[in-house]
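> Structure supplied as input_26.csv; contents: CSV, C-alpha atoms.
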chain,number,residue,atom,x,y,z
A,1,MET,CA,121.6,-85.5,71.1
A,2,SER,CA,119.5,-86.8,68.2
A,3,GLU,CA,116.5,-84.8,67.1
A,4,VAL,CA,113.4,-85.8,69.1
A,5,VAL,CA,109.9,-84.3,68.8
A,6,TYR,CA,107.7,-83.8,71.9
A,7,ASP,CA,104.4,-82.0,72.3
A,8,LEU,CA,103.1,-80.4,75.5
A,9,ARG,CA,101.2,-83.4,76.7
A,10,GLU,CA,104.2,-85.7,76.4
A,11,VAL,CA,106.4,-83.2,78.3
A,12,ARG,CA,103.8,-82.8,81.0
A,13,ARG,CA,103.6,-86.5,81.4
A,14,ALA,CA,107.4,-86.6,81.6
A,15,ARG,CA,107.2,-84.0,84.4
A,16,TYR,CA,104.9,-86.2,86.5
A,17,ALA,CA,107.1,-89.3,85.8
A,18,VAL,CA,110.3,-87.5,86.9
A,19,ALA,CA,108.4,-86.3,90.0
A,20,ALA,CA,107.5,-89.9,90.8
A,21,VAL,CA,111.2,-90.9,90.4
A,22,PHE,CA,112.2,-88.1,92.8
A,23,ALA,CA,109.7,-89.3,95.4
A,24,VAL,CA,111.0,-92.9,95.0
A,25,HIS,CA,114.6,-91.7,95.5
A,26,GLY,CA,113.6,-89.8,98.7
A,27,ALA,CA,111.6,-92.8,100.0
A,28,VAL,CA,114.8,-94.9,99.9
A,29,THR,CA,116.7,-92.3,102.0
A,30,GLY,CA,113.8,-92.1,104.5
A,31,SER,CA,113.6,-95.9,104.8
A,32,PHE,CA,117.3,-96.2,105.5
A,33,ALA,CA,117.6,-93.3,108.0
A,34,THR,CA,115.0,-94.7,110.4
A,35,ARG,CA,116.7,-98.1,110.7
A,36,VAL,CA,120.2,-96.9,111.3
A,37,PRO,CA,120.0,-97.9,115.1
A,38,TRP,CA,119.1,-101.4,114.1
A,39,ILE,CA,121.9,-101.5,111.5
A,40,GLN,CA,124.3,-100.3,114.1
A,41,ASP,CA,123.3,-103.1,116.5
A,42,HIS,CA,123.4,-105.8,113.8
A,43,ALA,CA,126.8,-104.8,112.7
A,44,GLY,CA,128.1,-104.5,116.3
A,45,VAL,CA,129.7,-101.1,115.8
A,46,SER,CA,130.3,-98.3,118.2
A,47,ALA,CA,129.0,-94.7,117.8
A,48,GLY,CA,132.4,-93.6,116.5
A,49,GLN,CA,132.6,-96.5,114.1
A,50,LEU,CA,129.1,-95.8,112.9
A,51,GLY,CA,130.1,-92.1,112.3
A,52,LEU,CA,133.0,-93.4,110.1
A,53,ALA,CA,130.7,-95.8,108.2
A,54,LEU,CA,128.2,-93.0,107.5
A,55,ALA,CA,130.9,-91.0,105.7
A,56,PHE,CA,131.0,-93.7,103.0
A,57,PRO,CA,127.7,-92.9,101.2
A,58,ALA,CA,129.0,-89.4,100.4
A,59,LEU,CA,132.3,-90.8,99.4
A,60,GLY,CA,130.7,-93.4,97.1
A,61,ALA,CA,128.4,-90.7,95.6
A,62,SER,CA,131.3,-88.3,94.9
A,63,VAL,CA,133.3,-91.0,93.1
A,64,ALA,CA,130.4,-92.3,91.0
A,65,MET,CA,128.4,-89.2,90.1
A,66,PRO,CA,130.7,-88.2,87.2
A,67,LEU,CA,129.9,-91.6,85.6
A,68,ALA,CA,126.2,-90.8,85.2
A,69,GLY,CA,126.8,-88.7,82.0
A,70,SER,CA,128.7,-91.4,80.2
A,71,ILE,CA,126.0,-94.0,81.2
A,72,SER,CA,123.2,-91.8,79.8
A,73,HIS,CA,125.2,-91.3,76.6
A,74,ARG,CA,125.7,-95.0,76.1
A,75,PHE,CA,122.2,-96.2,77.0
A,76,GLY,CA,120.0,-93.1,76.5
A,77,ALA,CA,118.5,-91.0,79.2
A,78,ARG,CA,115.4,-93.1,79.8
A,79,ASN,CA,117.2,-96.5,80.0
A,80,ALA,CA,120.0,-95.0,82.1
A,81,LEU,CA,117.6,-93.6,84.6
A,82,ARG,CA,115.6,-96.9,84.7
A,83,GLY,CA,118.7,-98.9,85.5
A,84,LEU,CA,120.2,-96.4,87.9
A,85,ILE,CA,117.0,-96.0,90.0
A,86,ALA,CA,116.7,-99.7,90.2
A,87,LEU,CA,120.3,-100.1,91.4
A,88,TRP,CA,119.6,-97.4,94.0
A,89,THR,CA,116.4,-98.9,95.3
A,90,LEU,CA,117.9,-102.4,95.5
A,91,ALA,CA,121.0,-101.0,97.3
A,92,LEU,CA,118.7,-100.2,100.2
A,93,ILE,CA,119.0,-103.9,101.1
A,94,LEU,CA,122.8,-103.9,101.5
A,95,PRO,CA,123.5,-102.0,104.8
A,96,SER,CA,121.1,-104.1,106.9
A,97,LEU,CA,123.0,-107.3,105.7
A,98,ALA,CA,126.4,-106.1,106.9
A,99,PRO,CA,127.7,-108.1,109.9
A,100,ASN,CA,130.7,-105.9,110.8
A,101,LEU,CA,132.3,-102.5,110.2
A,102,LEU,CA,134.2,-103.4,107.0
A,103,THR,CA,131.2,-104.9,105.2
A,104,LEU,CA,129.0,-102.0,106.5
A,105,CYS,CA,131.5,-99.4,105.0
A,106,LEU,CA,131.5,-101.3,101.7
A,107,ALA,CA,127.7,-101.6,101.6
A,108,LEU,CA,127.3,-97.9,102.3
A,109,PHE,CA,129.9,-97.0,99.6
A,110,ALA,CA,127.7,-98.9,97.1
A,111,TYR,CA,124.6,-97.4,98.5
A,112,GLY,CA,126.0,-93.9,98.1
A,113,ALA,CA,127.4,-94.6,94.6
A,114,THR,CA,124.1,-95.7,93.3
A,115,ALA,CA,122.3,-92.8,95.0
A,116,GLY,CA,124.6,-90.3,93.5
A,117,MET,CA,124.4,-91.6,89.9
A,118,ALA,CA,120.6,-91.8,90.1
A,119,ASP,CA,120.5,-88.3,91.6
A,120,VAL,CA,122.5,-86.8,88.6
A,121,ALA,CA,120.4,-88.7,86.0
A,122,MET,CA,117.0,-87.6,87.4
A,123,ASN,CA,118.1,-84.0,88.0
A,124,ALA,CA,119.4,-83.9,84.4
A,125,LEU,CA,116.1,-85.1,83.0
A,126,GLY,CA,114.2,-82.7,85.4
A,127,VAL,CA,116.2,-79.8,83.9
A,128,GLU,CA,115.3,-81.0,80.4
A,129,VAL,CA,111.6,-81.0,81.2
A,130,GLU,CA,111.9,-77.6,82.8
A,131,ASN,CA,113.7,-76.2,79.7
A,132,ARG,CA,110.9,-77.5,77.4
A,133,LEU,CA,108.1,-76.2,79.6
A,134,ASP,CA,109.9,-72.9,79.9
A,135,ARG,CA,108.9,-72.6,83.6
A,136,SER,CA,110.3,-73.6,86.9
A,137,ILE,CA,109.6,-77.1,88.1
A,138,MET,CA,112.9,-78.1,89.9
A,139,SER,CA,111.7,-76.8,93.3
A,140,GLY,CA,108.6,-78.9,93.1
A,141,LEU,CA,110.6,-82.0,92.0
A,142,HIS,CA,112.8,-81.6,95.1
A,143,GLY,CA,109.6,-81.1,97.1
A,144,MET,CA,108.5,-84.5,95.9
A,145,TRP,CA,111.9,-85.9,97.0
A,146,SER,CA,111.2,-84.5,100.5
A,147,ALA,CA,107.7,-85.9,100.5
A,148,GLY,CA,109.0,-89.3,99.5
A,149,ALA,CA,111.6,-89.1,102.3
A,150,LEU,CA,108.8,-88.3,104.8
A,151,ILE,CA,106.7,-91.3,103.6
A,152,GLY,CA,109.7,-93.6,103.7
A,153,SER,CA,110.7,-92.4,107.2
A,154,ALA,CA,107.1,-92.8,108.4
A,155,ALA,CA,107.0,-96.4,107.2
A,156,GLY,CA,110.4,-97.0,108.7
A,157,THR,CA,109.3,-95.6,112.0
A,158,LEU,CA,106.3,-97.9,112.0
A,159,ALA,CA,108.5,-100.9,111.2
A,160,ALA,CA,110.9,-100.0,114.0
A,161,HIS,CA,108.0,-99.5,116.4
A,162,LEU,CA,106.7,-103.0,115.6
A,163,GLY,CA,110.2,-104.4,116.2
A,164,SER,CA,110.6,-105.8,112.6
A,165,ASP,CA,113.9,-107.0,111.3
A,166,ALA,CA,115.4,-104.3,109.1
A,167,ARG,CA,116.5,-107.0,106.6
A,168,LEU,CA,112.9,-107.9,105.9
A,169,HIS,CA,111.7,-104.3,106.0
A,170,HIS,CA,114.3,-103.1,103.6
A,171,ALA,CA,113.8,-106.1,101.2
A,172,LEU,CA,110.1,-105.4,101.0
A,173,ALA,CA,110.6,-101.7,100.7
A,174,ALA,CA,113.2,-102.2,98.0
A,175,ALA,CA,111.0,-104.5,96.0
A,176,ALA,CA,108.1,-102.1,96.1
A,177,LEU,CA,110.2,-99.0,95.3
A,178,THR,CA,112.0,-100.7,92.5
A,179,VAL,CA,108.7,-101.5,90.8
A,180,LEU,CA,107.4,-98.0,91.2
A,181,GLY,CA,110.7,-96.4,90.0
A,182,VAL,CA,111.0,-98.6,86.9
A,183,LEU,CA,107.3,-98.0,86.0
A,184,ALA,CA,107.7,-94.3,86.3
A,185,CYS,CA,110.7,-94.3,84.0
A,186,GLN,CA,108.5,-95.5,81.2
A,187,TRP,CA,107.2,-91.9,80.7
A,188,VAL,CA,110.4,-89.8,81.2
A,189,LEU,CA,112.0,-88.1,78.1
A,190,ASP,CA,113.8,-90.6,76.0
A,191,LEU,CA,116.8,-88.6,74.9
A,192,GLN,CA,119.4,-90.4,72.7
A,193,PRO,CA,122.9,-89.2,71.7
A,194,ALA,CA,123.4,-88.2,68.1
A,195,GLU,CA,125.5,-90.6,66.0
A,196,ASP,CA,128.4,-88.2,65.7
A,197,GLU,CA,128.3,-87.0,69.3
A,198,GLU,CA,131.4,-87.5,71.4
A,199,PRO,CA,130.8,-89.4,74.6
A,200,PRO,CA,131.5,-87.4,77.8
A,201,PRO,CA,134.6,-88.3,79.8
A,202,ARG,CA,134.1,-90.8,82.6
A,203,PHE,CA,135.9,-88.6,85.0
A,204,ALA,CA,136.5,-84.9,84.5
A,205,LEU,CA,136.6,-81.7,86.6
A,206,PRO,CA,133.3,-79.8,86.5
A,207,PRO,CA,133.3,-76.5,84.6
A,208,ARG,CA,134.1,-73.3,86.6
A,209,SER,CA,130.5,-72.1,86.4
A,210,ALA,CA,129.4,-75.3,88.1
A,211,LEU,CA,131.9,-74.7,90.9
A,212,LEU,CA,130.5,-71.2,91.5
A,213,ILE,CA,126.9,-72.5,91.4
A,214,GLY,CA,128.0,-75.4,93.7
A,215,ALA,CA,129.3,-72.8,96.2
A,216,VAL,CA,125.8,-71.4,96.6
A,217,GLY,CA,124.4,-74.9,97.1
A,218,PHE,CA,127.2,-75.6,99.7
A,219,CYS,CA,125.8,-72.7,101.8
A,220,ALA,CA,122.3,-74.0,101.7
A,221,VAL,CA,123.1,-77.6,102.3
A,222,PHE,CA,125.4,-76.8,105.2
A,223,ALA,CA,122.5,-74.9,106.9
A,224,GLU,CA,120.2,-77.8,106.1
A,225,GLY,CA,122.5,-80.5,107.5
A,226,ALA,CA,123.2,-78.4,110.6
A,227,SER,CA,119.5,-77.9,111.3
A,228,LEU,CA,118.4,-81.4,110.6
A,229,ASP,CA,121.1,-83.0,112.9
A,230,TRP,CA,121.4,-80.3,115.6
A,231,SER,CA,118.1,-78.4,115.9
A,232,ALA,CA,116.7,-80.8,118.5
A,233,VAL,CA,120.0,-80.8,120.4
A,234,TYR,CA,120.0,-77.0,120.3
A,235,LEU,CA,116.6,-76.7,121.9
A,236,ARG,CA,117.3,-79.3,124.5
A,237,ASP,CA,120.8,-78.2,125.5
A,238,GLN,CA,120.7,-74.4,124.9
A,239,LEU,CA,117.1,-73.7,125.9
A,240,GLY,CA,116.3,-76.7,128.2
A,241,THR,CA,113.2,-78.0,126.4
A,242,SER,CA,111.7,-81.5,126.6
A,243,ALA,CA,112.8,-84.2,124.2
A,244,GLY,CA,109.4,-84.1,122.6
A,245,LEU,CA,109.4,-80.4,121.9
A,246,ALA,CA,113.0,-80.6,120.6
A,247,ALA,CA,112.0,-83.4,118.2
A,248,ALA,CA,109.0,-81.4,117.0
A,249,CYS,CA,111.4,-78.6,116.0
A,250,THR,CA,113.2,-80.9,113.7
A,251,THR,CA,110.0,-82.2,112.2
A,252,GLY,CA,108.7,-78.7,111.7
A,253,PHE,CA,111.9,-77.7,110.0
A,254,THR,CA,111.6,-80.7,107.6
A,255,LEU,CA,107.9,-80.0,106.9
A,256,THR,CA,108.6,-76.3,106.2
A,257,MET,CA,111.3,-77.2,103.7
A,258,ALA,CA,109.0,-79.7,101.9
A,259,ILE,CA,106.1,-77.3,101.7
A,260,ALA,CA,108.3,-74.4,100.5
A,261,ARG,CA,109.8,-76.6,97.8
A,262,ILE,CA,106.4,-77.7,96.5
A,263,ALA,CA,105.2,-74.1,96.4
A,264,GLY,CA,108.5,-72.6,95.3
A,265,ASP,CA,108.1,-72.9,91.5
A,266,LYS,CA,105.4,-70.2,91.3
A,267,VAL,CA,107.7,-67.8,93.2
A,268,VAL,CA,110.6,-68.6,90.9
A,269,ASP,CA,108.5,-68.1,87.8
A,270,ARG,CA,107.3,-64.7,89.0
A,271,TYR,CA,110.5,-63.3,90.3
A,272,GLY,CA,113.3,-65.3,88.7
A,273,ALA,CA,116.0,-67.5,90.3
A,274,VAL,CA,118.4,-64.7,91.3
A,275,ARG,CA,115.8,-62.5,93.2
A,276,THR,CA,114.2,-65.6,94.7
A,277,VAL,CA,117.6,-66.8,96.1
A,278,ARG,CA,118.4,-63.3,97.4
A,279,PHE,CA,115.1,-63.1,99.2
A,280,SER,CA,115.6,-66.7,100.4
A,281,GLY,CA,119.0,-65.7,101.8
A,282,VAL,CA,117.5,-62.8,103.7
A,283,LEU,CA,114.9,-65.1,105.3
A,284,ALA,CA,117.6,-67.7,106.1
A,285,THR,CA,119.9,-65.1,107.7
A,286,LEU,CA,117.0,-63.7,109.8
A,287,GLY,CA,116.2,-67.2,110.9
A,288,GLY,CA,119.8,-67.9,111.9
A,289,LEU,CA,120.0,-64.6,113.8
A,290,LEU,CA,116.7,-65.4,115.6
A,291,ILE,CA,118.1,-68.8,116.6
A,292,VAL,CA,121.3,-67.3,117.9
A,293,VAL,CA,119.7,-64.6,120.0
A,294,SER,CA,116.6,-66.5,121.2
A,295,ASP,CA,116.1,-67.2,124.8
A,296,ARG,CA,112.8,-69.0,124.4
A,297,PRO,CA,112.0,-72.2,122.6
A,298,ALA,CA,109.2,-70.6,120.5
A,299,LEU,CA,111.6,-68.0,119.1
A,300,ALA,CA,114.2,-70.6,118.3
A,301,MET,CA,111.6,-72.8,116.5
A,302,ALA,CA,110.4,-69.8,114.5
A,303,GLY,CA,114.1,-69.2,113.6
A,304,PHE,CA,114.5,-72.8,112.3
A,305,GLY,CA,111.2,-72.4,110.4
A,306,LEU,CA,112.5,-69.2,108.7
A,307,LEU,CA,115.8,-71.0,108.0
A,308,GLY,CA,114.0,-73.9,106.4
A,309,LEU,CA,111.9,-71.5,104.3
A,310,GLY,CA,115.0,-69.6,103.2
A,311,ILE,CA,117.1,-72.6,102.0
A,312,ALA,CA,114.3,-74.8,100.6
A,313,VAL,CA,114.5,-73.8,97.0
A,314,VAL,CA,118.2,-73.0,96.7
A,315,VAL,CA,119.5,-76.5,95.8
A,316,PRO,CA,116.8,-77.1,93.2
A,317,LEU,CA,117.7,-73.8,91.5
A,318,CYS,CA,121.4,-74.7,91.7
A,319,PHE,CA,120.7,-77.9,89.8
A,320,ALA,CA,118.6,-76.0,87.2
A,321,ALA,CA,121.3,-73.4,86.7
A,322,ALA,CA,124.0,-76.1,86.4
A,323,GLY,CA,121.9,-77.8,83.7
A,324,ARG,CA,122.0,-74.6,81.6
A,325,SER,CA,125.6,-73.6,82.3
A,326,GLY,CA,127.3,-75.4,79.4
A,327,PRO,CA,127.3,-78.0,76.7
A,328,ASN,CA,127.5,-80.9,79.1
A,329,PRO,CA,124.6,-80.6,81.6
A,330,SER,CA,125.3,-84.0,83.3
A,331,LEU,CA,128.9,-83.0,84.1
A,332,ALA,CA,127.8,-79.7,85.5
A,333,ILE,CA,125.0,-81.3,87.6
A,334,ALA,CA,127.5,-83.9,88.8
A,335,GLY,CA,129.9,-81.2,89.9
A,336,VAL,CA,127.2,-79.3,91.8
A,337,ALA,CA,125.9,-82.6,93.4
A,338,THR,CA,129.4,-83.5,94.5
A,339,ILE,CA,129.8,-80.1,96.3
A,340,THR,CA,126.4,-80.3,97.9
A,341,TYR,CA,127.0,-83.9,99.1
A,342,THR,CA,130.3,-82.8,100.5
A,343,SER,CA,128.6,-80.0,102.4
A,344,GLY,CA,126.0,-82.3,103.8
A,345,LEU,CA,128.8,-84.7,104.9
A,346,ILE,CA,130.9,-82.1,106.7
A,347,ALA,CA,128.2,-79.9,108.2
A,348,PRO,CA,127.1,-82.1,111.1
A,349,SER,CA,130.7,-82.8,112.2
A,350,ALA,CA,131.7,-79.2,111.8
A,351,ILE,CA,128.8,-78.0,113.9
A,352,GLY,CA,129.7,-80.6,116.6
A,353,GLY,CA,133.4,-79.7,116.5
A,354,ILE,CA,132.7,-75.9,116.9
A,355,ALA,CA,130.2,-76.6,119.7
A,356,GLN,CA,132.7,-78.8,121.5
A,357,ALA,CA,135.3,-76.0,121.4
A,358,THR,CA,132.9,-73.1,122.1
A,359,SER,CA,129.1,-73.6,122.1
A,360,LEU,CA,126.2,-74.5,119.8
A,361,MET,CA,125.3,-70.8,119.6
A,362,VAL,CA,128.6,-70.1,118.0
A,363,SER,CA,128.1,-73.0,115.6
A,364,PHE,CA,124.9,-71.5,114.4
A,365,CYS,CA,126.6,-68.1,114.0
A,366,LEU,CA,128.6,-69.9,111.2
A,367,VAL,CA,125.3,-71.1,109.8
A,368,THR,CA,124.0,-67.6,109.8
A,369,VAL,CA,127.1,-66.3,108.0
A,370,LEU,CA,126.9,-68.9,105.3
A,371,SER,CA,123.2,-68.2,104.9
A,372,SER,CA,124.0,-64.5,104.2
A,373,GLY,CA,126.3,-65.8,101.4
A,374,LEU,CA,123.1,-66.7,99.5
A,375,VAL,CA,122.3,-63.0,99.2
A,376,VAL,CA,125.8,-62.1,98.0
A,377,PHE,CA,126.3,-64.9,95.5
A,378,ALA,CA,122.8,-65.4,94.1
A,379,ARG,CA,123.8,-63.7,90.9
A,380,VAL,CA,125.7,-66.8,89.7
A,381,LEU,CA,122.4,-68.6,89.2
A,382,ARG,CA,121.6,-66.2,86.3
A,383,VAL,CA,123.4,-68.6,83.9
A,384,GLY,CA,121.2,-69.4,80.9
A,385,ASP,CA,118.1,-68.2,82.7
A,386,ARG,CA,116.9,-66.3,79.6
A,387,ASP,CA,117.8,-68.9,77.0
A,388,ARG,CA,115.3,-71.7,77.5
A,389,PRO,CA,113.7,-73.5,74.6
A,390,LYS,CA,110.0,-73.3,74.3
A,391,VAL,CA,107.6,-76.3,74.0
A,392,SER,CA,104.9,-76.7,71.4
A,393,ARG,CA,101.2,-76.3,72.0
A,394,PRO,CA,99.2,-79.6,72.6
A,395,ASP,CA,98.6,-80.4,68.9
A,396,ALA,CA,101.9,-79.2,67.5
A,397,ALA,CA,105.3,-80.9,67.6
A,398,VAL,CA,108.5,-78.9,67.7
A,399,PRO,CA,112.0,-80.3,68.1
A,400,ASP,CA,114.1,-79.0,70.9
A,401,PRO,CA,116.4,-76.5,69.2
A,402,ARG,CA,119.4,-77.7,71.2
A,403,LEU,CA,119.2,-81.2,69.8
Is it possible to give me this structure as structure tokens?

Amino acid sequence: MSEVVYDLREVRRARYAVAAVFAVHGAVTGSFATRVPWIQDHAGVSAGQLGLALAFPALGASVAMPLAGSISHRFGARNALRGLIALWTLALILPSLAPNLLTLCLALFAYGATAGMADVAMNALGVEVENRLDRSIMSGLHGMWSAGALIGSAAGTLAAHLGSDARLHHALAAAALTVLGVLACQWVLDLQPAEDEEPPPRFALPPRSALLIGAVGFCAVFAEGASLDWSAVYLRDQLGTSAGLAAACTTGFTLTMAIARIAGDKVVDRYGAVRTVRFSGVLATLGGLLIVVSDRPALAMAGFGLLGLGIAVVVPLCFAAAGRSGPNPSLAIAGVATITYTSGLIAPSAIGGIAQATSLMVSFCLVTVLSSGLVVFARVLRVGDRDRPKVSRPDAAVPDPRL
């Protein structure tokens, strides 16, 4: 990258700008998720066909994420993020327009591809800001994503309650979120490649360090996906609760994760990434054990709460570690993102398959075992943790020593 000078005020402004982009990204996801039943009816697909179609976002993301690095190299980090976040927000319109299974699969592939590329670009810039501030911010950024998802899902729930056409709802949401996302990108770091810098490969395997970091993220995202999709079913089927109480468990799990992510940076700054993830793994494992052995709804809900607390900061710390793991942060972040997307894709079906063959309790035994893996493998997040560039004081200007 070419030498660029930033002072503390500019970097702080960039932090808030990236946080806004994270919130916009999450709001798109929340807006889409609440209208899936409408999209299913409009496309005329069965539950099984819908399950097939919903695999295409992760497939599109996995294929496209490695391209984010070359796009950033060609256009610069700010312009790349501006374009990619606009593509992602506008892609929200596509699924609701699909009239059949084939077009729905294609729409969701494009939806996932734009989501993945924007995801890599914003996480890479988030890591850059974190490095310059020399303190943890990635957990808070992902907390903003969760907050955006909650806002988007709340608006979508209201739209569904009013019986609005999802095509109109998503067109309006996409327009508003595109404007917000593009405006926020005005203040992110404008990193440009040096004249003699080699462009990154369009497609390449992630470095070994990213694979190890991604394995930690896999454990956390598997537990997250299992809890989001199956916590309500667990309370209803295993413990005989009402539908309202079962739904409240899922909402509580989501809120717990959002709050823990927003507050997590202070914990990381005090104890470091490795110790934080080890302690998080202990909490998540205890939560999983409580879920498995509970015979009362309150105990199971407490278990899901502990599980949410335990896994909340793991993925943000995985992205931060990936961004410091080698000379090509975008490639490493894309590798970690691909692994975590894959985990989120397979977790719900894996839990369902195990439950079909045995029981949901056995399924969450697997979640508990994977959660304990956070304790064992947390040390891989130590990569680059002690080698972060400092930022200048407000009235001084110091170049990033890596540029």
> Would you mind listing what lies within 10 Å of region 79-81 of chain A as a PDB file with C-alpha atoms, in the frame of the given file, with all atoms listed in the file counted and same-chain residues fewer than 3 positions away left out?

ATOM      1  CA  VAL A  18     110.300 -87.500  86.900  1.00  0.00           C
ATOM      2  CA  VAL A  21     111.200 -90.900  90.400  1.00  0.00           C
ATOM      3  CA  ALA A  68     126.200 -90.800  85.200  1.00  0.00           C
ATOM      4  CA  GLY A  69     126.800 -88.700  82.000  1.00  0.00           C
ATOM      5  CA  SER A  70     128.700 -91.400  80.200  1.00  0.00           C
ATOM      6  CA  ILE A  71     126.000 -94.000  81.200  1.00  0.00           C
ATOM      7  CA  SER A  72     123.200 -91.800  79.800  1.00  0.00           C
ATOM      8  CA  HIS A  73     125.200 -91.300  76.600  1.00  0.00           C
ATOM      9  CA  ARG A  74     125.700 -95.000  76.100  1.00  0.00           C
ATOM     10  CA  PHE A  75     122.200 -96.200  77.000  1.00  0.00           C
ATOM     11  CA  GLY A  76     120.000 -93.100  76.500  1.00  0.00           C
ATOM     12  CA  LEU A  84     120.200 -96.400  87.900  1.00  0.00           C
ATOM     13  CA  ILE A  85     117.000 -96.000  90.000  1.00  0.00           C
ATOM     14  CA  ALA A  86     116.700 -99.700  90.200  1.00  0.00           C
ATOM     15  CA  LEU A  87     120.300-100.100  91.400  1.00  0.00           C
ATOM     16  CA  MET A 117     124.400 -91.600  89.900  1.00  0.00           C
ATOM     17  CA  ALA A 118     120.600 -91.800  90.100  1.00  0.00           C
ATOM     18  CA  ASP A 119     120.500 -88.300  91.600  1.00  0.00           C
ATOM     19  CA  VAL A 120     122.500 -86.800  88.600  1.00  0.00           C
ATOM     20  CA  ALA A 121     120.400 -88.700  86.000  1.00  0.00           C
ATOM     21  CA  MET A 122     117.000 -87.600  87.400  1.00  0.00           C
ATOM     22  CA  ALA A 124     119.400 -83.900  84.400  1.00  0.00           C
ATOM     23  CA  LEU A 125     116.100 -85.100  83.000  1.00  0.00           C
ATOM     24  CA  GLY A 181     110.700 -96.400  90.000  1.00  0.00           C
ATOM     25  CA  VAL A 182     111.000 -98.600  86.900  1.00  0.00           C
ATOM     26  CA  CYS A 185     110.700 -94.300  84.000  1.00  0.00           C
ATOM     27  CA  GLN A 186     108.500 -95.500  81.200  1.00  0.00           C
ATOM     28  CA  VAL A 188     110.400 -89.800  81.200  1.00  0.00           C
ATOM     29  CA  ASP A 190     113.800 -90.600  76.000  1.00  0.00           C
ATOM     30  CA  LEU A 191     116.800 -88.600  74.900  1.00  0.00           C
ATOM     31  CA  GLN A 192     119.400 -90.400  72.700  1.00  0.00           C
TER      32      GLN A 192
END
> May I ask for the distance between CA of Gly26 (chain A) and CA of Leu370 (chain A), given in Å to one decimal place?
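Rounded to one decimal, the two atoms are 25.6 Å apart.
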> Quote the spacing between CA of Leu50 (chain A) and CA of Leu101 (chain A) in Å to one decimal place.
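Result for CA of Leu50 (chain A) versus CA of Leu101 (chain A): 7.9 Å, one decimal.
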> Pick from A:Ser349, A:Arg13, A:Arg35, A:Phe304: nearest to Ser164 (chain A), with only C-alpha atoms counted?
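Checking each candidate against Ser164 (chain A), we get A:Arg35 as the closest.
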> Restricting the calculation to only C-alpha atoms: of A:Ala174, A:Cys219, A:Met138, A:Leu59, which residue gets closest to Ser343 (chain A)?
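Using only C-alpha atoms, Ser343 (chain A) sits closest to A:Cys219.
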> In Å, with one decimal, what is the gap from CA of Thr340 (chain A) to CA of Pro316 (chain A)?
11.2 Å
> Need the neighbours of (123.3, -65.8, 91.2): which residues are at most 10 Å away, counting all atoms listed in the file, as a PyMOL selection string?
chain A and resi 212-213+216+273-278+317-318+321+374-383
> Tell me which of A:Arg208, A:His169, A:Arg270, A:Arg135 sits closest to Ala320 (chain A), counting only C-alpha atoms.
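Of the candidates, the smallest distance to Ala320 (chain A) is held by A:Arg135.
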> Using all atoms listed in the file, what table do you get, as CSV, when you list each residue of region 239-323 of chain A with an atom no more than 12 Å from region 355-363 of chain A, its nearest pair of atoms, and their distance in Å rounded to one decimal, rows by chain then rising number?

residue,atom,partner,partner_atom,distance
A:Leu239,CA,A:Met361,CA,10.7
A:Gly288,CA,A:Met361,CA,9.9
A:Leu289,CA,A:Met361,CA,10.0
A:Leu290,CA,A:Met361,CA,10.9
A:Ile291,CA,A:Met361,CA,8.1
A:Val292,CA,A:Met361,CA,5.6
A:Val293,CA,A:Met361,CA,8.4
A:Ser294,CA,A:Met361,CA,9.8
A:Asp295,CA,A:Met361,CA,11.2
A:Ala300,CA,A:Met361,CA,11.2
> Please list as a list of chain:residue names every residue within 9 Å of Ala166 (chain A), counting only C-alpha atoms and excluding residues in the same chain fewer than 2 positions away.
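Final neighbour list, sorted by chain and number: A:Arg35, A:Trp38, A:Ile39, A:Ile93, A:Ser96, A:Leu97, A:Gly156, A:Ala159, A:Ala160, A:Gly163, A:Ser164, A:Leu168, A:His169, A:His170, A:Ala171.
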> Do you know which residues are at most 9 Å from region 253-269 of chain A counting only C-alpha atoms, after dropping those on the same chain fewer than 3 positions away, and could you put them as a VMD selection string?
chain A and resid 135 to 147 150 227 to 228 231 248 to 250 272 to 277 301 304 to 313 316 to 317
> Considering all atoms listed in the file, return as a PyMOL selection string whatever protein or nucleic-acid residues lie within 10 Å of Val369 (chain A), sequence-local ones (same chain, fewer than 2 positions apart) excluded.
chain A and resi 219+223+284-285+288-289+364-367+371-374
> Within 6 Å of (122.3, -76.9, 86.0), in the coordinates the file gives, what residues turn up when you count only C-alpha atoms, written out as a PDB file with C-alpha atoms, in the frame of the given file?

ATOM      1  CA  PHE A 319     120.700 -77.900  89.800  1.00  0.00           C
ATOM      2  CA  ALA A 320     118.600 -76.000  87.200  1.00  0.00           C
ATOM      3  CA  ALA A 321     121.300 -73.400  86.700  1.00  0.00           C
ATOM      4  CA  ALA A 322     124.000 -76.100  86.400  1.00  0.00           C
ATOM      5  CA  GLY A 323     121.900 -77.800  83.700  1.00  0.00           C
ATOM      6  CA  ARG A 324     122.000 -74.600  81.600  1.00  0.00           C
ATOM      7  CA  SER A 325     125.600 -73.600  82.300  1.00  0.00           C
ATOM      8  CA  ILE A 333     125.000 -81.300  87.600  1.00  0.00           C
TER       9      ILE A 333
END
